[in-house]
Each structure stands twice: as C-alpha cells, then as structure tokens.
$ cat protein-v8.pdb   # PDB, C-alpha atoms and all ligand atoms
ATOM      1  CA  MET A1012      62.858 -63.871 119.522  1.00  0.00           C
ATOM      2  CA  VAL A1013      60.012 -64.251 117.074  1.00  0.00           C
ATOM      3  CA  ALA A1014      60.253 -66.212 113.846  1.00  0.00           C
ATOM      4  CA  LYS A1015      60.289 -64.204 110.657  1.00  0.00           C
ATOM      5  CA  GLU A1016      56.979 -64.365 108.945  1.00  0.00           C
ATOM      6  CA  SER A1017      56.181 -64.466 105.281  1.00  0.00           C
ATOM      7  CA  VAL A1018      53.265 -62.251 104.284  1.00  0.00           C
ATOM      8  CA  ARG A1019      52.179 -64.755 101.690  1.00  0.00           C
ATOM      9  CA  SER A1020      50.520 -67.722 103.243  1.00  0.00           C
ATOM     10  CA  SER A1021      49.558 -70.495 100.838  1.00  0.00           C
ATOM     11  CA  LYS A1022      46.030 -69.129 100.742  1.00  0.00           C
ATOM     12  CA  GLY A1023      47.210 -65.561 100.260  1.00  0.00           C
ATOM     13  CA  ASN A1024      49.234 -66.745  97.317  1.00  0.00           C
ATOM     14  CA  SER A1025      46.423 -68.258  95.325  1.00  0.00           C
ATOM     15  CA  GLU A1026      44.217 -65.302  96.129  1.00  0.00           C
ATOM     16  CA  SER A1027      46.770 -62.736  95.069  1.00  0.00           C
ATOM     17  CA  GLU A1028      47.442 -64.568  91.818  1.00  0.00           C
ATOM     18  CA  SER A1029      43.852 -63.925  90.852  1.00  0.00           C
ATOM     19  CA  ARG A1030      44.243 -60.222  91.420  1.00  0.00           C
ATOM     20  CA  GLN A1031      46.421 -57.831  89.502  1.00  0.00           C
ATOM     21  CA  LYS A1032      47.729 -55.893  92.443  1.00  0.00           C
ATOM     22  CA  VAL A1033      47.349 -56.462  96.143  1.00  0.00           C
ATOM     23  CA  SER A1034      48.568 -53.726  98.413  1.00  0.00           C
ATOM     24  CA  ARG A1035      51.033 -54.387 101.190  1.00  0.00           C
ATOM     25  CA  SER A1036      48.434 -53.685 103.856  1.00  0.00           C
ATOM     26  CA  ASP A1037      45.983 -56.103 102.206  1.00  0.00           C
ATOM     27  CA  GLU A1038      48.646 -58.809 102.270  1.00  0.00           C
ATOM     28  CA  LEU A1039      49.335 -58.116 105.909  1.00  0.00           C
ATOM     29  CA  ARG A1040      45.638 -58.114 106.726  1.00  0.00           C
ATOM     30  CA  GLU A1041      45.282 -61.542 105.107  1.00  0.00           C
ATOM     31  CA  ALA A1042      48.324 -62.874 106.941  1.00  0.00           C
ATOM     32  CA  LEU A1043      47.020 -61.623 110.301  1.00  0.00           C
ATOM     33  CA  GLU A1044      43.568 -62.976 109.527  1.00  0.00           C
ATOM     34  CA  GLU A1045      45.139 -66.372 108.845  1.00  0.00           C
ATOM     35  CA  MET A1046      46.986 -66.242 112.175  1.00  0.00           C
ATOM     36  CA  ILE A1047      43.714 -65.460 113.952  1.00  0.00           C
ATOM     37  CA  ILE A1048      41.755 -68.146 112.110  1.00  0.00           C
ATOM     38  CA  THR A1049      44.346 -70.830 112.779  1.00  0.00           C
ATOM     39  CA  GLY A1050      44.491 -69.855 116.452  1.00  0.00           C
ATOM     40  CA  ARG A1051      48.114 -68.733 116.397  1.00  0.00           C
ATOM     41  CA  LEU A1052      46.712 -65.426 117.610  1.00  0.00           C
ATOM     42  CA  PRO A1053      43.946 -66.675 119.922  1.00  0.00           C
ATOM     43  CA  PRO A1054      40.929 -64.659 121.140  1.00  0.00           C
ATOM     44  CA  GLY A1055      42.036 -62.133 123.724  1.00  0.00           C
ATOM     45  CA  ALA A1056      45.669 -62.064 122.520  1.00  0.00           C
ATOM     46  CA  ARG A1057      47.288 -58.619 122.584  1.00  0.00           C
ATOM     47  CA  ILE A1058      48.377 -57.179 119.246  1.00  0.00           C
ATOM     48  CA  ASP A1059      51.865 -55.789 119.540  1.00  0.00           C
ATOM     49  CA  GLU A1060      52.326 -53.592 116.479  1.00  0.00           C
ATOM     50  CA  GLY A1061      56.065 -53.220 117.011  1.00  0.00           C
ATOM     51  CA  ALA A1062      56.620 -56.966 117.303  1.00  0.00           C
ATOM     52  CA  LEU A1063      54.525 -57.628 114.193  1.00  0.00           C
ATOM     53  CA  VAL A1064      56.443 -55.016 112.202  1.00  0.00           C
ATOM     54  CA  GLU A1065      59.628 -56.815 113.215  1.00  0.00           C
ATOM     55  CA  GLN A1066      58.181 -60.247 112.521  1.00  0.00           C
ATOM     56  CA  PHE A1067      56.948 -59.375 109.022  1.00  0.00           C
ATOM     57  CA  GLN A1068      59.840 -57.048 108.180  1.00  0.00           C
ATOM     58  CA  VAL A1069      57.555 -54.236 107.036  1.00  0.00           C
ATOM     59  CA  SER A1070      57.134 -50.575 107.865  1.00  0.00           C
ATOM     60  CA  ARG A1071      54.599 -49.308 110.370  1.00  0.00           C
ATOM     61  CA  THR A1072      52.141 -47.682 107.966  1.00  0.00           C
ATOM     62  CA  PRO A1073      50.857 -50.802 106.142  1.00  0.00           C
ATOM     63  CA  MET A1074      50.804 -52.734 109.431  1.00  0.00           C
ATOM     64  CA  ARG A1075      48.744 -49.993 111.034  1.00  0.00           C
ATOM     65  CA  GLU A1076      46.344 -50.022 108.048  1.00  0.00           C
ATOM     66  CA  ALA A1077      46.000 -53.804 108.250  1.00  0.00           C
ATOM     67  CA  ILE A1078      45.205 -53.613 111.973  1.00  0.00           C
ATOM     68  CA  LYS A1079      42.660 -50.832 111.348  1.00  0.00           C
ATOM     69  CA  ALA A1080      40.952 -52.936 108.670  1.00  0.00           C
ATOM     70  CA  LEU A1081      40.679 -55.895 111.052  1.00  0.00           C
ATOM     71  CA  ILE A1082      39.204 -53.656 113.748  1.00  0.00           C
ATOM     72  CA  ALA A1083      36.615 -52.527 111.188  1.00  0.00           C
ATOM     73  CA  THR A1084      35.574 -56.133 110.429  1.00  0.00           C
ATOM     74  CA  GLY A1085      35.409 -56.985 114.130  1.00  0.00           C
ATOM     75  CA  MET A1086      38.231 -59.541 114.155  1.00  0.00           C
ATOM     76  CA  LEU A1087      40.318 -57.225 116.314  1.00  0.00           C
ATOM     77  CA  GLU A1088      39.063 -54.864 118.966  1.00  0.00           C
ATOM     78  CA  MET A1089      40.448 -51.757 120.602  1.00  0.00           C
ATOM     79  CA  ARG A1090      39.842 -51.210 124.287  1.00  0.00           C
ATOM     80  CA  PRO A1091      40.643 -48.097 126.285  1.00  0.00           C
ATOM     81  CA  ARG A1092      43.989 -48.420 128.108  1.00  0.00           C
ATOM     82  CA  GLN A1093      44.427 -52.005 126.866  1.00  0.00           C
ATOM     83  CA  GLY A1094      45.251 -51.418 123.225  1.00  0.00           C
ATOM     84  CA  VAL A1095      44.313 -53.763 120.422  1.00  0.00           C
ATOM     85  CA  SER A1096      43.586 -57.447 120.926  1.00  0.00           C
ATOM     86  CA  VAL A1097      41.997 -60.342 119.050  1.00  0.00           C
ATOM     87  CA  ALA A1098      38.248 -60.049 119.530  1.00  0.00           C
ATOM     88  CA  ALA A1099      36.948 -62.308 122.256  1.00  0.00           C
ATOM     89  CA  ILE A1100      33.353 -62.834 121.252  1.00  0.00           C
ATOM     90  CA  SER A1101      30.760 -63.438 123.963  1.00  0.00           C
ATOM     91  CA  ILE A1102      28.873 -66.727 123.785  1.00  0.00           C
ATOM     92  CA  PRO A1103      25.456 -65.103 123.067  1.00  0.00           C
ATOM     93  CA  LYS A1104      26.953 -63.122 120.192  1.00  0.00           C
ATOM     94  CA  LEU A1105      28.751 -66.197 118.902  1.00  0.00           C
ATOM     95  CA  MET A1106      25.450 -68.088 118.918  1.00  0.00           C
ATOM     96  CA  GLU A1107      23.854 -65.325 116.856  1.00  0.00           C
ATOM     97  CA  MET A1108      26.722 -65.445 114.411  1.00  0.00           C
ATOM     98  CA  PHE A1109      26.369 -69.217 114.052  1.00  0.00           C
ATOM     99  CA  GLU A1110      22.653 -68.874 113.495  1.00  0.00           C
ATOM    100  CA  THR A1111      23.147 -66.226 110.829  1.00  0.00           C
ATOM    101  CA  MET A1112      25.821 -68.402 109.290  1.00  0.00           C
ATOM    102  CA  ALA A1113      23.413 -71.380 109.154  1.00  0.00           C
ATOM    103  CA  ASN A1114      20.838 -69.240 107.359  1.00  0.00           C
ATOM    104  CA  LEU A1115      23.369 -67.849 104.892  1.00  0.00           C
ATOM    105  CA  GLU A1116      24.609 -71.363 104.085  1.00  0.00           C
ATOM    106  CA  GLY A1117      20.980 -72.369 103.626  1.00  0.00           C
ATOM    107  CA  MET A1118      20.525 -69.559 101.093  1.00  0.00           C
ATOM    108  CA  CYS A1119      23.653 -70.616  99.216  1.00  0.00           C
ATOM    109  CA  ALA A1120      22.376 -74.206  99.049  1.00  0.00           C
ATOM    110  CA  LYS A1121      18.944 -73.011  97.919  1.00  0.00           C
ATOM    111  CA  TYR A1122      20.439 -71.120  94.987  1.00  0.00           C
ATOM    112  CA  ALA A1123      22.870 -73.949  94.264  1.00  0.00           C
ATOM    113  CA  ALA A1124      19.877 -76.285  93.848  1.00  0.00           C
ATOM    114  CA  ARG A1125      18.632 -73.951  91.123  1.00  0.00           C
ATOM    115  CA  ARG A1126      21.889 -73.011  89.490  1.00  0.00           C
ATOM    116  CA  ALA A1127      24.682 -75.542  90.107  1.00  0.00           C
ATOM    117  CA  THR A1128      26.251 -76.837  86.899  1.00  0.00           C
ATOM    118  CA  PRO A1129      26.740 -80.592  86.329  1.00  0.00           C
ATOM    119  CA  ASP A1130      30.459 -79.977  86.765  1.00  0.00           C
ATOM    120  CA  GLU A1131      29.934 -78.341  90.164  1.00  0.00           C
ATOM    121  CA  ILE A1132      27.753 -81.251  91.299  1.00  0.00           C
ATOM    122  CA  ALA A1133      30.485 -83.675  90.189  1.00  0.00           C
ATOM    123  CA  GLN A1134      33.018 -81.673  92.210  1.00  0.00           C
ATOM    124  CA  LEU A1135      30.803 -81.754  95.311  1.00  0.00           C
ATOM    125  CA  LEU A1136      30.656 -85.547  94.985  1.00  0.00           C
ATOM    126  CA  GLU A1137      34.418 -85.742  94.536  1.00  0.00           C
ATOM    127  CA  ILE A1138      35.030 -83.723  97.721  1.00  0.00           C
ATOM    128  CA  GLN A1139      32.462 -85.821  99.566  1.00  0.00           C
ATOM    129  CA  GLY A1140      34.431 -88.932  98.508  1.00  0.00           C
ATOM    130  CA  ARG A1141      37.621 -87.484  99.992  1.00  0.00           C
ATOM    131  CA  LEU A1142      35.830 -86.697 103.270  1.00  0.00           C
ATOM    132  CA  GLU A1143      34.634 -90.309 103.446  1.00  0.00           C
ATOM    133  CA  GLU A1144      38.189 -91.529 102.925  1.00  0.00           C
ATOM    134  CA  GLU A1145      39.409 -89.205 105.672  1.00  0.00           C
ATOM    135  CA  LEU A1146      36.883 -90.531 108.164  1.00  0.00           C
ATOM    136  CA  GLY A1147      38.998 -93.506 109.191  1.00  0.00           C
ATOM    137  CA  SER A1148      42.268 -91.607 109.349  1.00  0.00           C
ATOM    138  CA  ASN A1149      41.586 -89.728 112.578  1.00  0.00           C
ATOM    139  CA  ASN A1150      42.938 -86.462 111.258  1.00  0.00           C
ATOM    140  CA  PRO A1151      40.424 -83.746 112.232  1.00  0.00           C
ATOM    141  CA  ASP A1152      42.586 -80.934 110.819  1.00  0.00           C
ATOM    142  CA  ARG A1153      42.655 -82.516 107.380  1.00  0.00           C
ATOM    143  CA  PHE A1154      38.916 -83.250 107.596  1.00  0.00           C
ATOM    144  CA  TYR A1155      38.262 -79.632 108.558  1.00  0.00           C
ATOM    145  CA  GLU A1156      40.249 -78.445 105.544  1.00  0.00           C
ATOM    146  CA  ILE A1157      38.391 -80.651 103.037  1.00  0.00           C
ATOM    147  CA  ASN A1158      35.077 -79.681 104.650  1.00  0.00           C
ATOM    148  CA  GLY A1159      36.080 -76.067 103.923  1.00  0.00           C
ATOM    149  CA  GLU A1160      36.505 -76.955 100.231  1.00  0.00           C
ATOM    150  CA  PHE A1161      33.001 -78.429 100.205  1.00  0.00           C
ATOM    151  CA  HIS A1162      31.504 -75.231 101.572  1.00  0.00           C
ATOM    152  CA  GLU A1163      33.562 -72.956  99.305  1.00  0.00           C
ATOM    153  CA  LEU A1164      32.241 -74.890  96.324  1.00  0.00           C
ATOM    154  CA  LEU A1165      28.698 -74.670  97.652  1.00  0.00           C
ATOM    155  CA  TYR A1166      29.024 -70.865  97.740  1.00  0.00           C
ATOM    156  CA  ASP A1167      30.375 -70.792  94.183  1.00  0.00           C
ATOM    157  CA  ALA A1168      27.636 -73.125  92.988  1.00  0.00           C
ATOM    158  CA  SER A1169      25.004 -70.694  94.304  1.00  0.00           C
ATOM    159  CA  HIS A1170      26.084 -68.220  91.610  1.00  0.00           C
ATOM    160  CA  THR A1171      25.040 -65.360  93.881  1.00  0.00           C
ATOM    161  CA  GLU A1172      28.116 -63.253  94.387  1.00  0.00           C
ATOM    162  CA  PHE A1173      26.808 -61.041  97.171  1.00  0.00           C
ATOM    163  CA  ILE A1174      25.395 -63.801  99.382  1.00  0.00           C
ATOM    164  CA  ALA A1175      28.473 -65.939  98.751  1.00  0.00           C
ATOM    165  CA  ASP A1176      30.760 -63.067  99.810  1.00  0.00           C
ATOM    166  CA  GLN A1177      28.765 -62.385 102.987  1.00  0.00           C
ATOM    167  CA  THR A1178      28.812 -66.083 103.847  1.00  0.00           C
ATOM    168  CA  ARG A1179      32.586 -66.290 103.315  1.00  0.00           C
ATOM    169  CA  MET A1180      33.169 -63.212 105.468  1.00  0.00           C
ATOM    170  CA  LEU A1181      31.123 -64.550 108.364  1.00  0.00           C
ATOM    171  CA  ARG A1182      32.651 -68.015 107.980  1.00  0.00           C
ATOM    172  CA  ARG A1183      36.111 -66.523 108.381  1.00  0.00           C
ATOM    173  CA  ARG A1184      35.027 -64.658 111.492  1.00  0.00           C
ATOM    174  CA  VAL A1185      33.549 -67.685 113.233  1.00  0.00           C
ATOM    175  CA  SER A1186      36.019 -70.242 111.932  1.00  0.00           C
ATOM    176  CA  MET A1187      38.389 -70.052 114.900  1.00  0.00           C
ATOM    177  CA  TYR A1188      35.501 -71.191 117.097  1.00  0.00           C
ATOM    178  CA  ARG A1189      33.899 -73.427 114.510  1.00  0.00           C
ATOM    179  CA  ARG A1190      37.078 -75.494 114.136  1.00  0.00           C
ATOM    180  CA  HIS A1191      36.433 -76.975 117.569  1.00  0.00           C
ATOM    181  CA  VAL A1192      33.222 -78.577 116.373  1.00  0.00           C
ATOM    182  CA  THR A1193      35.178 -80.960 114.157  1.00  0.00           C
ATOM    183  CA  TYR A1194      36.755 -82.463 117.243  1.00  0.00           C
ATOM    184  CA  LEU A1195      33.484 -83.456 118.822  1.00  0.00           C
ATOM    185  CA  PRO A1196      33.081 -87.241 118.870  1.00  0.00           C
ATOM    186  CA  GLY A1197      30.844 -88.410 116.034  1.00  0.00           C
ATOM    187  CA  ARG A1198      30.769 -85.014 114.372  1.00  0.00           C
ATOM    188  CA  MET A1199      32.825 -86.086 111.363  1.00  0.00           C
ATOM    189  CA  ALA A1200      30.576 -89.066 110.592  1.00  0.00           C
ATOM    190  CA  ALA A1201      27.488 -86.861 110.971  1.00  0.00           C
ATOM    191  CA  THR A1202      28.998 -84.332 108.558  1.00  0.00           C
ATOM    192  CA  ILE A1203      29.208 -86.963 105.823  1.00  0.00           C
ATOM    193  CA  GLY A1204      25.509 -87.795 106.182  1.00  0.00           C
ATOM    194  CA  GLU A1205      24.503 -84.119 106.257  1.00  0.00           C
ATOM    195  CA  HIS A1206      26.591 -83.256 103.205  1.00  0.00           C
ATOM    196  CA  GLY A1207      24.954 -86.228 101.473  1.00  0.00           C
ATOM    197  CA  LYS A1208      21.520 -84.688 102.058  1.00  0.00           C
ATOM    198  CA  ILE A1209      22.678 -81.337 100.668  1.00  0.00           C
ATOM    199  CA  ILE A1210      24.109 -82.985  97.540  1.00  0.00           C
ATOM    200  CA  ASP A1211      20.961 -85.092  97.013  1.00  0.00           C
ATOM    201  CA  ALA A1212      18.739 -82.008  97.212  1.00  0.00           C
ATOM    202  CA  ILE A1213      20.963 -80.088  94.781  1.00  0.00           C
ATOM    203  CA  LYS A1214      20.947 -83.030  92.365  1.00  0.00           C
ATOM    204  CA  ALA A1215      17.148 -83.215  92.670  1.00  0.00           C
ATOM    205  CA  LYS A1216      16.984 -79.432  92.027  1.00  0.00           C
ATOM    206  CA  ASP A1217      14.941 -79.031  95.204  1.00  0.00           C
ATOM    207  CA  PRO A1218      15.777 -75.570  96.631  1.00  0.00           C
ATOM    208  CA  SER A1219      13.808 -75.846  99.860  1.00  0.00           C
ATOM    209  CA  ALA A1220      15.209 -79.289 100.741  1.00  0.00           C
ATOM    210  CA  ALA A1221      18.720 -78.004  99.985  1.00  0.00           C
ATOM    211  CA  ALA A1222      18.191 -74.939 102.198  1.00  0.00           C
ATOM    212  CA  THR A1223      16.867 -77.065 105.065  1.00  0.00           C
ATOM    213  CA  ALA A1224      19.697 -79.595 104.780  1.00  0.00           C
ATOM    214  CA  ALA A1225      22.416 -76.913 104.740  1.00  0.00           C
ATOM    215  CA  THR A1226      20.861 -74.906 107.587  1.00  0.00           C
ATOM    216  CA  GLU A1227      20.550 -78.032 109.719  1.00  0.00           C
ATOM    217  CA  HIS A1228      24.122 -79.010 108.918  1.00  0.00           C
ATOM    218  CA  LEU A1229      25.328 -75.696 110.336  1.00  0.00           C
ATOM    219  CA  ASN A1230      22.905 -75.636 113.207  1.00  0.00           C
ATOM    220  CA  LEU A1231      24.546 -76.387 116.486  1.00  0.00           C
ATOM    221  CA  LEU A1232      21.498 -76.301 118.678  1.00  0.00           C
ATOM    222  CA  GLY A1233      20.679 -79.213 120.925  1.00  0.00           C
ATOM    223  CA  ASP A1234      23.133 -81.611 122.530  1.00  0.00           C
ATOM    224  CA  ASP A1235      25.915 -80.713 120.146  1.00  0.00           C
ATOM    225  CA  MET A1236      25.688 -77.115 121.299  1.00  0.00           C
ATOM    226  CA  VAL A1237      26.021 -77.978 124.969  1.00  0.00           C
ATOM    227  CA  ASP A1238      29.089 -80.104 124.213  1.00  0.00           C
ATOM    228  CA  PHE A1239      30.462 -77.386 122.005  1.00  0.00           C
ATOM    229  CA  ILE A1240      30.183 -74.678 124.659  1.00  0.00           C
ATOM    230  CA  ALA A1241      31.735 -76.963 127.262  1.00  0.00           C
ATOM    231  CA  ARG A1242      34.637 -77.632 124.956  1.00  0.00           C
ATOM    232  CA  LEU A1243      35.003 -73.995 123.952  1.00  0.00           C
ATOM    233  CA  THR A1244      35.079 -72.669 127.494  1.00  0.00           C
ATOM    234  CA  ARG A1245      37.679 -75.276 128.409  1.00  0.00           C
ATOM    235  CA  THR A1246      39.967 -74.425 125.544  1.00  0.00           C
ATOM    236  CA  MET A1247      39.440 -70.775 124.833  1.00  0.00           C
ATOM    237  CA  ASP A1248      39.271 -67.429 126.405  1.00  0.00           C
ATOM    238  CA  VAL A1249      35.801 -66.473 125.251  1.00  0.00           C
ATOM    239  CA  TYR A1250      34.429 -64.828 128.362  1.00  0.00           C
ATOM    240  CA  GLN A1251      36.834 -61.906 128.627  1.00  0.00           C
TER
HETATM  241 ZN    ZN B1301      30.253 -79.183 106.208  1.00  0.00          ZN
END

$ encode --input "protein-v8.pdb" --output "structure tokens" --more "lines below"
Ligand SMILES: [Zn+2]
Amino acid sequence: MVAKESVRSSKGNSESESRQKVSRSDELREALEEMIITGRLPPGARIDEGALVEQFQVSRTPMREAIKALIATGMLEMRPRQGVSVAAISIPKLMEMFETMANLEGMCAKYAARRATPDEIAQLLEIQGRLEEELGSNNPDRFYEINGEFHELLYDASHTEFIADQTRMLRRRVSMYRRHVTYLPGRMAATIGEHGKIIDAIKAKDPSAAATAATEHLNLLGDDMVDFIARLTRTMDVYQ
C-alpha cells in the first residue's frame, strides 16, 4: 500500500502562491519532479501511472500530462516495451551537463558582479554565515539546502531572467546526482572558501573574477571528479 501524497510540496506551495493559477498537471509535474530530485524516485525507477494516480488521488488525464511534460524535459524517458522510467543519465552526458552548468553559473556570477544590489550582497553574506555555522553540525542535507539558497540568490542577483531560468532548469535536472557531491569529505569546507571568492568578486564588481570563481566552484574535474564517479556508481543506477 502506498502512502497518500499531497500534490503541494513545501516548494510547490511557495511557487504556486506567486502565480494566479497553476493547473493540476503542473502541480503534479512539480510533485513528481520533487520526488525525482530528492531520490524518492531514483534513476531507472519505473513510472507506474496507475499507482501514481492512486497515490495522488487524481484522474488519469493530468497525471498523463505531467508525465509527458517530464519526458519532454528529459527527466523521464520512454523506452520501447519498458514503458516510462526516471532517466538514467550516462556518465559522459552527466559530465557535459555539469560542465554546462558550471558555465551557466559563471555567467550568472558575471552579471551579478555588474548588477547585484547592496541588499542582494548582504543576503549572500547572510547565507554564507549560515553555511559556516552548519559546517560543524555534520548535517549534509541541511548544508545542501542552504547551499541551494545561495545559488538561487546568485541567479536572482544576475538580473538576467533567461540565463537564470536556464540555469535553474539544468540545476534541477542534475541535482539528484549533484547532491552526492556534498557528502564528499572536505567538500563542505571547500564550498565555504569558494563561495567566499564569489562574494568577494561580486563586492569588488569584478565580472571576470566572479565568473571564474563560480565556474570553478561548480567544476568537478580533477580528484573530486574521480571520487564523485566512484561514489555515484556505488550508490546509483547510472549505467542502465
Ligand atoms: Zn555552492
């Protein structure tokens, strides 16, 4: 028996408040996306439309639309004779996505160095302070969450709606893999230092230093990458 699911996750709630009307299928898409991102529906997992309809207490049409929308964004995939499952991304493709992500974050930081308001800079510092506090608490999930706030704010501070949207979209797609990085030993402490460089460059209104700092922060090449792949292949079904 599956637990009944609410279509409004905490994130869905705040998002839908900012919009006048969100369709049922949009709500379901967001709820499924959240389940994929948090790993409750891991890569390779089969999507059972009937079970989801039951779980969310909705009719088939909006569920089918939500699934179609997630196939279109690449989060779900349809295979002949196997039906729909959570996309299991190959390692080379995942690497490309991370690299693109690093460049997009770099662009956001570049524009933030030109356009961030004093208030946005103060908020970046406030979030950075909370990350520092979290460092000793050995709670990677909480750290990951606050780190997400930092990056969201960085996108807003770029004041470039299109690039910010593209960055958010890709971040959501890679986040189920990305989450594992937080668990690497020493990664949390390194994050604090790297965020510090980004903030310094934004404060100094130095776009190229900000872009470099943000791109490097997201770059997983080198030793980190080898550790990351080892960890990923141990914990997830990425090769299928
Ligand atoms: Zn970060």

$ closest_residue --input "protein-v8.pdb" --among "A:Gln1134, A:Ser1169, A:Ser1034, A:Thr1202" --to "Gly1117 of chain A" --atoms "only C-alpha atoms"
A:Ser1169

$ residues_near_ligand --input "protein-v8.pdb" --ligand "ligand ZN 1301 (chain B)" --cutoff "12 Å" --atoms "only C-alpha atoms and all ligand atoms" --output "MDAnalysis selection string"
chainID A and resid 1113 1116:1117 1120 1135 1138:1139 1142 1154:1166 1182 1189:1190 1192:1193 1198:1210 1224:1230

$ atom_distance --input "protein-v8.pdb" --atom1 "atom CA of His1170 of chain A" --atom2 "atom CA of Asp1217 of chain A"
15.9 Å

$ atom_distance --input "protein-v8.pdb" --atom1 "atom CA of Ile1174 of chain A" --atom2 "atom CA of Met1118 of chain A"
7.7 Å

$ atom_distance --input "protein-v8.pdb" --atom1 "atom CA of Lys1216 of chain A" --atom2 "atom CA of Gly1140 of chain A"
20.9 Å

$ resolve_selection --input "protein-v8.pdb" --expression "the PyMOL selection byres (((chain A and resi 1095) around 10) and not hetatm)" --output "PyMOL selection string"
chain A and resi 1055-1060+1078-1079+1082+1087-1094+1096-1098

$ write_last_selection --input "protein-v8.pdb" --atoms "C-alpha atoms" --output "PDB file, in the coordinates of the input"
ATOM      1  CA  GLY A1055      42.036 -62.133 123.724  1.00  0.00           C
ATOM      2  CA  ALA A1056      45.669 -62.064 122.520  1.00  0.00           C
ATOM      3  CA  ARG A1057      47.288 -58.619 122.584  1.00  0.00           C
ATOM      4  CA  ILE A1058      48.377 -57.179 119.246  1.00  0.00           C
ATOM      5  CA  ASP A1059      51.865 -55.789 119.540  1.00  0.00           C
ATOM      6  CA  GLU A1060      52.326 -53.592 116.479  1.00  0.00           C
ATOM      7  CA  ILE A1078      45.205 -53.613 111.973  1.00  0.00           C
ATOM      8  CA  LYS A1079      42.660 -50.832 111.348  1.00  0.00           C
ATOM      9  CA  ILE A1082      39.204 -53.656 113.748  1.00  0.00           C
ATOM     10  CA  LEU A1087      40.318 -57.225 116.314  1.00  0.00           C
ATOM     11  CA  GLU A1088      39.063 -54.864 118.966  1.00  0.00           C
ATOM     12  CA  MET A1089      40.448 -51.757 120.602  1.00  0.00           C
ATOM     13  CA  ARG A1090      39.842 -51.210 124.287  1.00  0.00           C
ATOM     14  CA  PRO A1091      40.643 -48.097 126.285  1.00  0.00           C
ATOM     15  CA  ARG A1092      43.989 -48.420 128.108  1.00  0.00           C
ATOM     16  CA  GLN A1093      44.427 -52.005 126.866  1.00  0.00           C
ATOM     17  CA  GLY A1094      45.251 -51.418 123.225  1.00  0.00           C
ATOM     18  CA  SER A1096      43.586 -57.447 120.926  1.00  0.00           C
ATOM     19  CA  VAL A1097      41.997 -60.342 119.050  1.00  0.00           C
ATOM     20  CA  ALA A1098      38.248 -60.049 119.530  1.00  0.00           C
TER      21      ALA A1098
END

$ residues_around --input "protein-v8.pdb" --residues "Leu1063 of chain A" --least-positions-apart "2" --cutoff "10 Å" --atoms "only C-alpha atoms" --output "number ranges by chain"
A: 1013, 1015-1016, 1039, 1043, 1058-1061, 1065-1071, 1074

$ write_last_selection --input "protein-v8.pdb" --atoms "C-alpha atoms" --output "mmCIF file, in the frame of the given file"
data_model
loop_
_atom_site.group_PDB
_atom_site.id
_atom_site.type_symbol
_atom_site.label_atom_id
_atom_site.label_comp_id
_atom_site.auth_asym_id
_atom_site.auth_seq_id
_atom_site.Cartn_x
_atom_site.Cartn_y
_atom_site.Cartn_z
ATOM 1 C CA VAL A 1013 60.012 -64.251 117.074
ATOM 2 C CA LYS A 1015 60.289 -64.204 110.657
ATOM 3 C CA GLU A 1016 56.979 -64.365 108.945
ATOM 4 C CA LEU A 1039 49.335 -58.116 105.909
ATOM 5 C CA LEU A 1043 47.020 -61.623 110.301
ATOM 6 C CA ILE A 1058 48.377 -57.179 119.246
ATOM 7 C CA ASP A 1059 51.865 -55.789 119.540
ATOM 8 C CA GLU A 1060 52.326 -53.592 116.479
ATOM 9 C CA GLY A 1061 56.065 -53.220 117.011
ATOM 10 C CA GLU A 1065 59.628 -56.815 113.215
ATOM 11 C CA GLN A 1066 58.181 -60.247 112.521
ATOM 12 C CA PHE A 1067 56.948 -59.375 109.022
ATOM 13 C CA GLN A 1068 59.840 -57.048 108.180
ATOM 14 C CA VAL A 1069 57.555 -54.236 107.036
ATOM 15 C CA SER A 1070 57.134 -50.575 107.865
ATOM 16 C CA ARG A 1071 54.599 -49.308 110.370
ATOM 17 C CA MET A 1074 50.804 -52.734 109.431
#

$ closest_residue --input "protein-v8.pdb" --among "A:Arg1184, A:Asp1211, A:Asp1037, A:Thr1178" --to "Cys1119 of chain A" --atoms "all atoms listed in the file"
A:Thr1178

$ resolve_selection --input "protein-v8.pdb" --expression "the PyMOL selection byres (((chain A and resi 1109) around 9) and not hetatm)" --output "number ranges by chain"
A: 1104-1108, 1110-1114, 1181-1182, 1185, 1189, 1229-1231

$ closest_residue --input "protein-v8.pdb" --among "A:Thr1084, A:Leu1115, A:Pro1073, A:Glu1038" --to "Phe1173 of chain A" --atoms "only C-alpha atoms"
A:Leu1115

$ decode --input "protein-v8.pdb" --residues "segment 1169-1180 of chain A" --atoms "N, CA and C atoms" --output "short mmCIF file (atom, residue, chain, number, x, y, z; two decimals), in the first residue's frame"
data_model
loop_
_atom_site.label_atom_id
_atom_site.label_comp_id
_atom_site.auth_asym_id
_atom_site.auth_seq_id
_atom_site.Cartn_x
_atom_site.Cartn_y
_atom_site.Cartn_z
N SER A 1169 21.79 38.12 -10.73
CA SER A 1169 22.32 38.36 -12.07
C SER A 1169 21.39 39.28 -12.87
N HIS A 1170 20.13 39.34 -12.44
CA HIS A 1170 19.13 40.15 -13.14
C HIS A 1170 19.12 39.85 -14.63
N THR A 1171 19.25 38.59 -14.98
CA THR A 1171 19.14 38.15 -16.37
C THR A 1171 18.17 36.98 -16.36
N GLU A 1172 16.92 37.28 -16.64
CA GLU A 1172 15.87 36.28 -16.45
C GLU A 1172 16.11 35.01 -17.27
N PHE A 1173 16.51 35.16 -18.51
CA PHE A 1173 16.64 33.99 -19.37
C PHE A 1173 17.76 33.06 -18.89
N ILE A 1174 18.93 33.63 -18.64
CA ILE A 1174 20.06 32.80 -18.19
C ILE A 1174 19.74 32.17 -16.84
N ALA A 1175 19.12 32.96 -15.96
CA ALA A 1175 18.75 32.43 -14.64
C ALA A 1175 17.79 31.25 -14.77
N ASP A 1176 16.81 31.38 -15.67
CA ASP A 1176 15.85 30.27 -15.87
C ASP A 1176 16.54 29.02 -16.40
N GLN A 1177 17.41 29.20 -17.38
CA GLN A 1177 18.13 28.05 -17.96
C GLN A 1177 18.99 27.36 -16.90
N THR A 1178 19.62 28.19 -16.07
CA THR A 1178 20.49 27.64 -15.02
C THR A 1178 19.67 26.84 -14.02
N ARG A 1179 18.51 27.41 -13.63
CA ARG A 1179 17.62 26.71 -12.68
C ARG A 1179 17.16 25.37 -13.24
N MET A 1180 16.80 25.38 -14.54
CA MET A 1180 16.27 24.18 -15.17
C MET A 1180 17.34 23.07 -15.16
#
